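So this block is protein07.pdb, PDB, C-alpha atoms:
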```
MODEL        1
ATOM      1  CA  MET A   1      56.248  65.981 120.181
ATOM      2  CA  ASN A   2      52.470  66.221 120.357
ATOM      3  CA  THR A   3      50.828  66.887 117.010
ATOM      4  CA  LYS A   4      47.248  67.582 118.019
ATOM      5  CA  VAL A   5      47.030  69.838 121.037
ATOM      6  CA  LYS A   6      44.440  72.462 121.813
ATOM      7  CA  GLU A   7      43.515  74.141 125.042
ATOM      8  CA  ASN A   8      39.790  73.416 125.086
ATOM      9  CA  TYR A   9      38.300  70.019 124.350
ATOM     10  CA  ASP A  10      34.526  69.578 124.441
ATOM     11  CA  ILE A  11      33.773  68.284 127.954
ATOM     12  CA  ALA A  12      30.119  67.613 127.098
ATOM     13  CA  GLU A  13      31.212  65.443 124.166
ATOM     14  CA  ILE A  14      33.742  63.579 126.305
ATOM     15  CA  MET A  15      31.239  62.884 129.074
ATOM     16  CA  GLY A  16      28.412  62.048 126.701
ATOM     17  CA  THR A  17      30.548  59.620 124.717
ATOM     18  CA  LEU A  18      32.108  57.803 127.660
ATOM     19  CA  TYR A  19      28.814  57.583 129.531
ATOM     20  CA  GLY A  20      27.111  56.541 126.293
ATOM     21  CA  ALA A  21      29.313  54.408 124.064
ATOM     22  CA  GLY A  22      31.899  53.814 126.791
ATOM     23  CA  THR A  23      34.860  54.606 124.541
ATOM     24  CA  ILE A  24      36.331  57.703 122.905
ATOM     25  CA  GLY A  25      39.465  58.481 120.907
ATOM     26  CA  LEU A  26      41.671  61.225 119.543
ATOM     27  CA  LYS A  27      43.411  60.729 116.214
ATOM     28  CA  GLY A  28      46.959  61.965 115.755
ATOM     29  CA  ALA A  29      47.489  62.903 119.387
ATOM     30  CA  PHE A  30      51.198  62.096 119.052
ATOM     31  CA  SER A  31      53.624  62.111 116.149
ATOM     32  CA  ARG A  32      54.594  58.898 114.388
ATOM     33  CA  GLU A  33      58.209  59.498 115.454
ATOM     34  CA  TRP A  34      57.202  59.713 119.129
ATOM     35  CA  THR A  35      55.093  56.578 118.752
ATOM     36  CA  ALA A  36      57.897  54.673 117.023
ATOM     37  CA  GLN A  37      60.135  55.467 120.012
ATOM     38  CA  LEU A  38      57.450  54.092 122.323
ATOM     39  CA  GLY A  39      57.334  50.976 120.164
ATOM     40  CA  GLU A  40      61.094  50.504 120.553
ATOM     41  CA  ASP A  41      60.805  50.759 124.329
ATOM     42  CA  ILE A  42      57.937  48.271 124.464
ATOM     43  CA  LEU A  43      59.761  45.765 122.250
ATOM     44  CA  ARG A  44      62.797  45.906 124.543
ATOM     45  CA  LEU A  45      60.670  45.539 127.673
ATOM     46  CA  TYR A  46      58.711  42.664 126.137
ATOM     47  CA  GLU A  47      61.865  40.742 125.272
ATOM     48  CA  GLU A  48      63.130  41.250 128.831
ATOM     49  CA  ALA A  49      59.804  40.175 130.353
ATOM     50  CA  LEU A  50      59.636  36.966 128.322
ATOM     51  CA  LYS A  51      63.004  35.912 129.754
ATOM     52  CA  ARG A  52      61.900  36.538 133.345
ATOM     53  CA  PRO A  53      59.719  34.014 135.238
ATOM     54  CA  GLY A  54      56.291  35.581 135.615
ATOM     55  CA  GLY A  55      57.388  38.624 133.633
ATOM     56  CA  ALA A  56      54.615  38.367 131.049
ATOM     57  CA  ILE A  57      51.087  37.288 131.945
ATOM     58  CA  GLY A  58      49.229  35.131 129.428
ATOM     59  CA  ARG A  59      45.990  36.686 128.197
ATOM     60  CA  GLY A  60      45.276  33.904 125.736
ATOM     61  CA  PRO A  61      47.356  31.841 123.278
ATOM     62  CA  LYS A  62      50.130  33.980 121.753
ATOM     63  CA  ARG A  63      48.988  36.975 123.803
ATOM     64  CA  HIS A  64      50.664  38.645 126.802
ATOM     65  CA  TYR A  65      50.269  41.531 129.204
ATOM     66  CA  VAL A  66      53.272  43.139 130.906
ATOM     67  CA  GLU A  67      53.064  45.717 133.679
ATOM     68  CA  ILE A  68      55.964  48.179 133.672
ATOM     69  CA  HIS A  69      57.341  51.249 135.449
ATOM     70  CA  PRO A  70      56.623  54.794 134.209
ATOM     71  CA  GLU A  71      60.310  55.552 133.712
ATOM     72  CA  ASP A  72      60.744  52.439 131.562
ATOM     73  CA  ILE A  73      59.424  54.439 128.604
ATOM     74  CA  ARG A  74      60.912  57.684 127.365
ATOM     75  CA  GLY A  75      57.582  59.385 126.626
ATOM     76  CA  PHE A  76      55.734  58.890 129.902
ATOM     77  CA  VAL A  77      55.560  62.579 130.818
ATOM     78  CA  ASP A  78      54.489  63.539 127.275
ATOM     79  CA  LEU A  79      51.686  61.023 127.510
ATOM     80  CA  VAL A  80      50.220  61.937 130.884
ATOM     81  CA  THR A  81      50.535  65.695 130.423
ATOM     82  CA  HIS A  82      48.816  65.722 127.029
ATOM     83  CA  PRO A  83      45.855  68.138 127.345
ATOM     84  CA  TRP A  84      43.373  65.613 125.945
ATOM     85  CA  PHE A  85      44.442  62.967 128.443
ATOM     86  CA  GLN A  86      44.176  65.461 131.283
ATOM     87  CA  THR A  87      40.796  66.784 130.130
ATOM     88  CA  VAL A  88      39.304  63.310 129.795
ATOM     89  CA  CYS A  89      40.554  62.314 133.251
ATOM     90  CA  GLU A  90      39.277  65.472 134.925
ATOM     91  CA  SER A  91      35.918  65.389 133.118
ATOM     92  CA  ILE A  92      35.126  61.797 134.074
ATOM     93  CA  LEU A  93      37.133  61.121 137.242
ATOM     94  CA  GLY A  94      37.464  64.559 138.811
ATOM     95  CA  SER A  95      40.443  66.794 139.488
ATOM     96  CA  ASP A  96      41.974  64.329 141.975
ATOM     97  CA  TYR A  97      42.325  61.451 139.504
ATOM     98  CA  LYS A  98      45.182  59.002 140.095
ATOM     99  CA  ILE A  99      47.329  57.109 137.584
ATOM    100  CA  VAL A 100      47.548  53.573 138.993
ATOM    101  CA  GLU A 101      48.792  51.337 136.174
ATOM    102  CA  ILE A 102      51.015  51.330 133.117
ATOM    103  CA  GLY A 103      51.707  48.308 130.977
ATOM    104  CA  PHE A 104      51.256  46.899 127.509
ATOM    105  CA  ASP A 105      49.335  44.167 125.742
ATOM    106  CA  VAL A 106      50.839  42.201 122.838
ATOM    107  CA  PRO A 107      48.641  40.010 120.621
ATOM    108  CA  ASN A 108      51.152  38.079 118.512
ATOM    109  CA  PRO A 109      50.533  36.247 115.230
ATOM    110  CA  GLY A 110      48.365  33.251 116.059
ATOM    111  CA  ALA A 111      46.485  34.936 118.913
ATOM    112  CA  VAL A 112      42.868  33.783 119.005
ATOM    113  CA  ASN A 113      39.605  35.477 119.933
ATOM    114  CA  GLN A 114      39.356  36.273 123.610
ATOM    115  CA  PRO A 115      36.048  35.627 125.379
ATOM    116  CA  TRP A 116      33.911  38.714 125.838
ATOM    117  CA  HIS A 117      34.771  40.256 129.190
ATOM    118  CA  ARG A 118      35.263  43.337 131.312
ATOM    119  CA  ASP A 119      38.587  43.915 133.036
ATOM    120  CA  PHE A 120      37.246  43.711 136.594
ATOM    121  CA  PRO A 121      33.882  43.440 138.374
ATOM    122  CA  SER A 122      31.619  46.467 138.237
ATOM    123  CA  PRO A 123      32.083  48.562 141.402
ATOM    124  CA  GLU A 124      29.219  49.907 143.476
ATOM    125  CA  ASP A 125      29.933  53.391 142.113
ATOM    126  CA  THR A 126      28.846  52.106 138.708
ATOM    127  CA  TYR A 127      26.149  49.497 139.261
ATOM    128  CA  LYS A 128      24.405  51.563 141.943
ATOM    129  CA  GLY A 129      25.618  55.127 141.510
ATOM    130  CA  ARG A 130      25.799  55.029 137.683
ATOM    131  CA  ARG A 131      29.198  56.698 137.787
ATOM    132  CA  ILE A 132      32.340  55.765 135.899
ATOM    133  CA  ASN A 133      35.184  55.794 138.414
ATOM    134  CA  SER A 134      38.059  54.457 136.316
ATOM    135  CA  LEU A 135      39.369  54.652 132.760
ATOM    136  CA  ALA A 136      41.742  52.633 130.603
ATOM    137  CA  PHE A 137      43.747  54.497 127.968
ATOM    138  CA  ASN A 138      45.177  52.643 124.965
ATOM    139  CA  LEU A 139      47.874  53.733 122.541
ATOM    140  CA  THR A 140      48.897  51.474 119.651
ATOM    141  CA  THR A 141      52.525  51.446 118.510
ATOM    142  CA  VAL A 142      51.650  50.194 114.993
ATOM    143  CA  ASP A 143      49.078  50.918 112.322
ATOM    144  CA  VAL A 144      46.371  48.316 112.915
ATOM    145  CA  ASP A 145      45.046  46.365 109.921
ATOM    146  CA  PRO A 146      41.906  44.161 109.904
ATOM    147  CA  ASP A 147      43.924  40.920 110.022
ATOM    148  CA  MET A 148      46.040  41.961 113.051
ATOM    149  CA  GLY A 149      43.512  41.007 115.738
ATOM    150  CA  PRO A 150      41.845  44.394 116.262
ATOM    151  CA  PHE A 151      40.408  45.297 119.629
ATOM    152  CA  GLU A 152      36.629  44.835 119.610
ATOM    153  CA  ILE A 153      34.233  46.663 121.932
ATOM    154  CA  ALA A 154      30.453  46.583 122.454
ATOM    155  CA  PRO A 155      29.354  50.216 123.023
ATOM    156  CA  GLY A 156      27.064  50.962 125.950
ATOM    157  CA  THR A 157      27.673  47.721 127.806
ATOM    158  CA  GLN A 158      29.556  49.314 130.695
ATOM    159  CA  TRP A 159      26.138  49.507 132.386
ATOM    160  CA  ASP A 160      25.262  45.818 131.921
ATOM    161  CA  ASP A 161      24.373  43.962 135.087
ATOM    162  CA  GLY A 162      27.317  41.657 135.656
ATOM    163  CA  SER A 163      26.029  39.978 138.793
ATOM    164  CA  GLY A 164      25.465  36.744 136.872
ATOM    165  CA  PHE A 165      28.773  36.805 135.008
ATOM    166  CA  GLU A 166      31.444  34.248 135.851
ATOM    167  CA  HIS A 167      33.803  35.985 138.283
ATOM    168  CA  LEU A 168      31.510  39.007 137.705
ATOM    169  CA  MET A 169      33.496  39.636 134.488
ATOM    170  CA  PHE A 170      32.707  36.938 131.905
ATOM    171  CA  PRO A 171      29.182  36.702 130.427
ATOM    172  CA  ALA A 172      27.660  33.384 129.400
ATOM    173  CA  ARG A 173      28.004  32.399 125.751
ATOM    174  CA  GLU A 174      24.274  32.820 125.156
ATOM    175  CA  LEU A 175      24.808  36.556 125.637
ATOM    176  CA  TYR A 176      27.502  36.783 122.962
ATOM    177  CA  SER A 177      25.086  37.438 120.079
ATOM    178  CA  ARG A 178      24.126  40.799 121.563
ATOM    179  CA  TYR A 179      27.755  41.842 121.966
ATOM    180  CA  GLU A 180      28.561  40.711 118.439
ATOM    181  CA  GLU A 181      25.674  42.783 117.067
ATOM    182  CA  LEU A 182      26.933  45.851 118.917
ATOM    183  CA  ALA A 183      30.624  45.199 118.283
ATOM    184  CA  GLU A 184      32.930  47.797 116.774
ATOM    185  CA  ARG A 185      36.435  46.833 115.697
ATOM    186  CA  LYS A 186      39.017  49.523 116.360
ATOM    187  CA  MET A 187      41.823  50.034 113.860
ATOM    188  CA  PRO A 188      43.839  52.997 115.155
ATOM    189  CA  LYS A 189      46.985  54.345 113.545
ATOM    190  CA  MET A 190      50.286  55.233 115.174
ATOM    191  CA  GLY A 191      49.776  58.332 117.320
ATOM    192  CA  ASP A 192      46.084  57.768 118.045
ATOM    193  CA  ILE A 193      44.965  57.467 121.668
ATOM    194  CA  SER A 194      41.707  56.183 123.136
ATOM    195  CA  ALA A 195      39.999  56.015 126.515
ATOM    196  CA  ARG A 196      37.331  53.591 127.655
ATOM    197  CA  SER A 197      35.537  52.299 130.657
ATOM    198  CA  ALA A 198      37.181  48.940 131.352
ATOM    199  CA  LEU A 199      33.661  47.701 132.192
ATOM    200  CA  THR A 200      32.518  48.071 128.582
ATOM    201  CA  MET A 201      32.409  44.546 127.164
ATOM    202  CA  HIS A 202      35.350  43.917 124.875
ATOM    203  CA  ARG A 203      37.784  41.346 123.528
ATOM    204  CA  GLY A 204      40.903  41.000 121.463
ATOM    205  CA  THR A 205      40.225  39.224 118.168
ATOM    206  CA  ALA A 206      42.271  36.648 116.265
ATOM    207  CA  ASN A 207      45.579  37.891 114.857
ATOM    208  CA  ASN A 208      45.811  36.234 111.438
ATOM    209  CA  SER A 209      48.699  38.400 110.266
ATOM    210  CA  THR A 210      52.443  37.949 110.553
ATOM    211  CA  LYS A 211      52.800  41.052 112.793
ATOM    212  CA  ALA A 212      52.343  41.700 116.504
ATOM    213  CA  ARG A 213      50.013  44.485 117.683
ATOM    214  CA  PRO A 214      51.603  46.056 120.810
ATOM    215  CA  THR A 215      49.375  48.467 122.703
ATOM    216  CA  LEU A 216      50.266  50.616 125.695
ATOM    217  CA  VAL A 217      47.744  50.523 128.548
ATOM    218  CA  LEU A 218      47.334  53.236 131.169
ATOM    219  CA  GLY A 219      44.930  52.815 134.103
ATOM    220  CA  VAL A 220      43.482  55.859 135.877
ATOM    221  CA  ASP A 221      41.162  55.951 138.915
ATOM    222  CA  ALA A 222      38.830  58.381 140.593
ATOM    223  CA  PRO A 223      39.426  58.746 144.361
ATOM    224  CA  THR A 224      36.588  56.283 145.044
ATOM    225  CA  ALA A 225      38.137  53.454 143.002
ATOM    226  CA  ASN A 226      40.570  50.866 144.328
ATOM    227  CA  ASN A 227      42.222  49.453 141.216
ATOM    228  CA  HIS A 228      45.623  50.411 142.609
ATOM    229  CA  GLU A 229      45.303  47.292 144.769
ATOM    230  CA  ARG A 230      45.831  45.171 141.633
ATOM    231  CA  HIS A 231      48.999  47.014 140.644
ATOM    232  CA  ASP A 232      52.360  48.153 141.962
ATOM    233  CA  LEU A 233      53.205  51.497 140.390
ATOM    234  CA  GLN A 234      56.791  52.354 141.335
ATOM    235  CA  VAL A 235      58.808  55.493 140.676
ATOM    236  CA  THR A 236      62.398  56.092 141.744
ATOM    237  CA  LYS A 237      62.986  59.124 143.924
ATOM    238  CA  LYS A 238      65.437  60.447 141.330
ATOM    239  CA  PHE A 239      62.863  60.244 138.517
ATOM    240  CA  TYR A 240      60.111  61.649 140.746
ATOM    241  CA  GLU A 241      62.167  64.769 141.378
ATOM    242  CA  THR A 242      62.244  65.495 137.624
ATOM    243  CA  LEU A 243      58.451  65.383 137.230
ATOM    244  CA  PRO A 244      56.264  68.486 136.977
ATOM    245  CA  THR A 245      54.669  69.357 140.305
ATOM    246  CA  SER A 246      51.244  69.282 138.661
ATOM    247  CA  LEU A 247      51.812  65.648 137.661
ATOM    248  CA  LYS A 248      53.092  64.338 141.002
ATOM    249  CA  LYS A 249      49.698  64.657 142.691
ATOM    250  CA  HIS A 250      48.181  62.340 140.066
ATOM    251  CA  LEU A 251      50.571  59.427 140.645
ATOM    252  CA  MET A 252      49.513  56.741 143.100
ATOM    253  CA  CYS A 253      52.908  55.119 143.420
ATOM    254  CA  ARG A 254      55.600  53.835 145.717
ATOM    255  CA  LEU A 255      58.763  55.904 145.816
ATOM    256  CA  VAL A 256      61.797  53.618 145.751
ATOM    257  CA  ASP A 257      65.563  54.016 145.594
ATOM    258  CA  GLU A 258      65.784  51.379 142.873
ATOM    259  CA  LEU A 259      63.030  49.859 140.767
ATOM    260  CA  GLU A 260      61.876  46.423 141.861
ATOM    261  CA  VAL A 261      60.576  43.627 139.676
ATOM    262  CA  ILE A 262      56.795  43.877 139.571
ATOM    263  CA  GLU A 263      54.900  40.878 140.899
ATOM    264  CA  GLN A 264      51.961  41.149 138.551
ATOM    265  CA  ALA A 265      48.710  40.687 140.432
ATOM    266  CA  HIS A 266      46.138  41.489 137.729
ATOM    267  CA  ASP A 267      46.109  37.950 136.319
ATOM    268  CA  ILE A 268      42.796  37.196 134.573
ATOM    269  CA  GLU A 269      42.720  33.407 134.623
ATOM    270  CA  LEU A 270      39.779  32.873 132.242
ATOM    271  CA  LEU A 271      41.534  34.778 129.446
ATOM    272  CA  LYS A 272      44.444  32.363 129.251
ATOM    273  CA  MET A 273      42.735  29.727 127.113
ATOM    274  CA  GLY A 274      41.116  32.109 124.643
ATOM    275  CA  GLU A 275      37.493  31.817 123.563
ATOM    276  CA  ALA A 276      35.996  28.479 124.593
TER
ENDMDL
END
```

Go ahead and express the file in the form of structure tokens.
Amino acid sequence: MNTKVKENYDIAEIMGTLYGAGTIGLKGAFSREWTAQLGEDILRLYEEALKRPGGAIGRGPKRHYVEIHPEDIRGFVDLVTHPWFQTVCESILGSDYKIVEIGFDVPNPGAVNQPWHRDFPSPEDTYKGRRINSLAFNLTTVDVDPDMGPFEIAPGTQWDDGSGFEHLMFPARELYSRYEELAERKMPKMGDISARSALTMHRGTANNSTKARPTLVLGVDAPTANNHERHDLQVTKKFYETLPTSLKKHLMCRLVDELEVIEQAHDIELLKMGEA
């Protein structure tokens, strides 16, 4: 169901963009029909999570994050075997990259600006070695309009010294003007996919529309990263047996007989109140 597949993507462009701007995208990677199916799965999972204590983590007023299982969505294998996804992972993280997280973010109508932040403290690989050792992939399930709370990112800031940030993730308000000057608002369409360093300063903006903006999130690590410690990727043995052999080596997961409810550990407390 992929609509934009080619064998050779420009590795120099991928590396230059992610090491430079800190974010890169591919338009029309998947068909609108495939993406609509993903949207149906996410809506069902979101409704289930909201009914379950601790099922959806608050990331600000009217905004939630839900971590899920790979087999909860019908298009998981399509997603992680897409040649662009694989090329980006191998170019930046090496051939032994590991998928450590899958979930989705939902900014609902009424969501407010998040504070500028990175998703976790900068690791030694980055602040000393100047290497990117993890990536976050995003895939919207709707066409994003300017009033729907677009994702906003400040290119190049993955290299900022975060040693003085609150919790090593949240810069002081006096630094906001720089991020606002750099800021780019992303308005992808259904089927577009993007990758970014989760250290690049970013925020969700206010959703002034009447529509939610669900976005799938996929976390991938280099062997030197440890973001798997924040997550609990589970795959049933039955589902695992159906996966391509080439994919199995890239999953850092627990094999289980039956899927267990995820106790979500990646709770970012300072996001819950929105921008102060």

Item checked: Ground truth for the PyMOL selection byres ((chain A and resi 189) around 12), written as a PyMOL selection string -> chain A and resi 25-32+35-36+138-146+150+186-188+190-194+213-215

Output file for the residues above (C-alpha atoms, as an mmCIF file, keeping the file's coordinate frame):
```
data_model
loop_
_atom_site.group_PDB
_atom_site.id
_atom_site.type_symbol
_atom_site.label_atom_id
_atom_site.label_comp_id
_atom_site.auth_asym_id
_atom_site.auth_seq_id
_atom_site.Cartn_x
_atom_site.Cartn_y
_atom_site.Cartn_z
ATOM 1 C CA GLY A 25 39.465 58.481 120.907
ATOM 2 C CA LEU A 26 41.671 61.225 119.543
ATOM 3 C CA LYS A 27 43.411 60.729 116.214
ATOM 4 C CA GLY A 28 46.959 61.965 115.755
ATOM 5 C CA ALA A 29 47.489 62.903 119.387
ATOM 6 C CA PHE A 30 51.198 62.096 119.052
ATOM 7 C CA SER A 31 53.624 62.111 116.149
ATOM 8 C CA ARG A 32 54.594 58.898 114.388
ATOM 9 C CA THR A 35 55.093 56.578 118.752
ATOM 10 C CA ALA A 36 57.897 54.673 117.023
ATOM 11 C CA ASN A 138 45.177 52.643 124.965
ATOM 12 C CA LEU A 139 47.874 53.733 122.541
ATOM 13 C CA THR A 140 48.897 51.474 119.651
ATOM 14 C CA THR A 141 52.525 51.446 118.510
ATOM 15 C CA VAL A 142 51.650 50.194 114.993
ATOM 16 C CA ASP A 143 49.078 50.918 112.322
ATOM 17 C CA VAL A 144 46.371 48.316 112.915
ATOM 18 C CA ASP A 145 45.046 46.365 109.921
ATOM 19 C CA PRO A 146 41.906 44.161 109.904
ATOM 20 C CA PRO A 150 41.845 44.394 116.262
ATOM 21 C CA LYS A 186 39.017 49.523 116.360
ATOM 22 C CA MET A 187 41.823 50.034 113.860
ATOM 23 C CA PRO A 188 43.839 52.997 115.155
ATOM 24 C CA MET A 190 50.286 55.233 115.174
ATOM 25 C CA GLY A 191 49.776 58.332 117.320
ATOM 26 C CA ASP A 192 46.084 57.768 118.045
ATOM 27 C CA ILE A 193 44.965 57.467 121.668
ATOM 28 C CA SER A 194 41.707 56.183 123.136
ATOM 29 C CA ARG A 213 50.013 44.485 117.683
ATOM 30 C CA PRO A 214 51.603 46.056 120.810
ATOM 31 C CA THR A 215 49.375 48.467 122.703
#
```

Check: Do you have the atom CA of A:Tyr240-atom CA of A:Ile42 distance handy?
Finding: 21.2 Å

Notebook entry, point to check: Using the chain letters and numbers from the file, which residues does the PyMOL selection byres ((chain A and resi 107-124) around 8) grab, as a PyMOL selection string?
Noted result: chain A and resi 60-64+105-106+125-129+148-149+162+167-171+176+179+198-214+225+271+274-276

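With only C-alpha atoms as the basis for measurement, A:Val100 is the residue among A:Ile153, A:Val100, A:Leu182, A:Ile132 that approaches A:Arg230 most closely.
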
Using 8 Å of padding on each side, determine the axis-aligned box around all atoms of stretch 82-100 of chain A present in the file and give its centre and edge lengths in Å to one decimal, as JSON.
```
{"center_x": 42.0, "center_y": 60.9, "center_z": 134.0, "size_x": 29.7, "size_y": 30.6, "size_z": 32.0}
```

Checklist line | Shell around stretch 84-89 of chain A at 9 Å using all atoms listed in the file, local window under 3 positions removed, as a PyMOL selection string | finding: chain A and resi 5-11+14-15+26+29+79-81+92-95+97-98+134-135+137+193+195+220-222

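If you look at atom CA of A:Leu45 and atom CA of A:Leu218, they are 15.8 Å away from each other.
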
Next item on the list: Determine the nearest neighbour of A:Asn226 from the options A:Glu241, A:Glu90, A:Glu101, A:Glu40, counting all atoms listed in the file.
Entry: A:Glu101

If you apply the PyMOL selection byres ((chain A and resi 245-259) around 6) to this file, what residues do you get, as an mmCIF file with C-alpha atoms, in the frame of the given file?
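Result file follows (result_14.cif):
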```cif
data_model
loop_
_atom_site.group_PDB
_atom_site.id
_atom_site.type_symbol
_atom_site.label_atom_id
_atom_site.label_comp_id
_atom_site.auth_asym_id
_atom_site.auth_seq_id
_atom_site.Cartn_x
_atom_site.Cartn_y
_atom_site.Cartn_z
ATOM 1 C CA TYR A 97 42.325 61.451 139.504
ATOM 2 C CA LYS A 98 45.182 59.002 140.095
ATOM 3 C CA ILE A 99 47.329 57.109 137.584
ATOM 4 C CA VAL A 100 47.548 53.573 138.993
ATOM 5 C CA LEU A 233 53.205 51.497 140.390
ATOM 6 C CA GLN A 234 56.791 52.354 141.335
ATOM 7 C CA VAL A 235 58.808 55.493 140.676
ATOM 8 C CA THR A 236 62.398 56.092 141.744
ATOM 9 C CA LYS A 237 62.986 59.124 143.924
ATOM 10 C CA PRO A 244 56.264 68.486 136.977
ATOM 11 C CA GLU A 260 61.876 46.423 141.861
#
```

Note to self: Excluding A:Thr23 and its own-chain neighbours fewer than 2 positions away, which residues fall within 7 Å of it when counting only C-alpha atoms? Please give them as a count of residues only.
What the structure shows: 6

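Each of A:Thr157, A:Asp147, A:Trp34, A:Arg173 was compared to A:Arg185 using only C-alpha atoms, and A:Asp147 turns out to be the nearest.
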
Next item on the list: Take atom CA of A:His69 and atom CA of A:Val261 and report the distance between them in Å, one decimal.
Entry: 9.3 Å
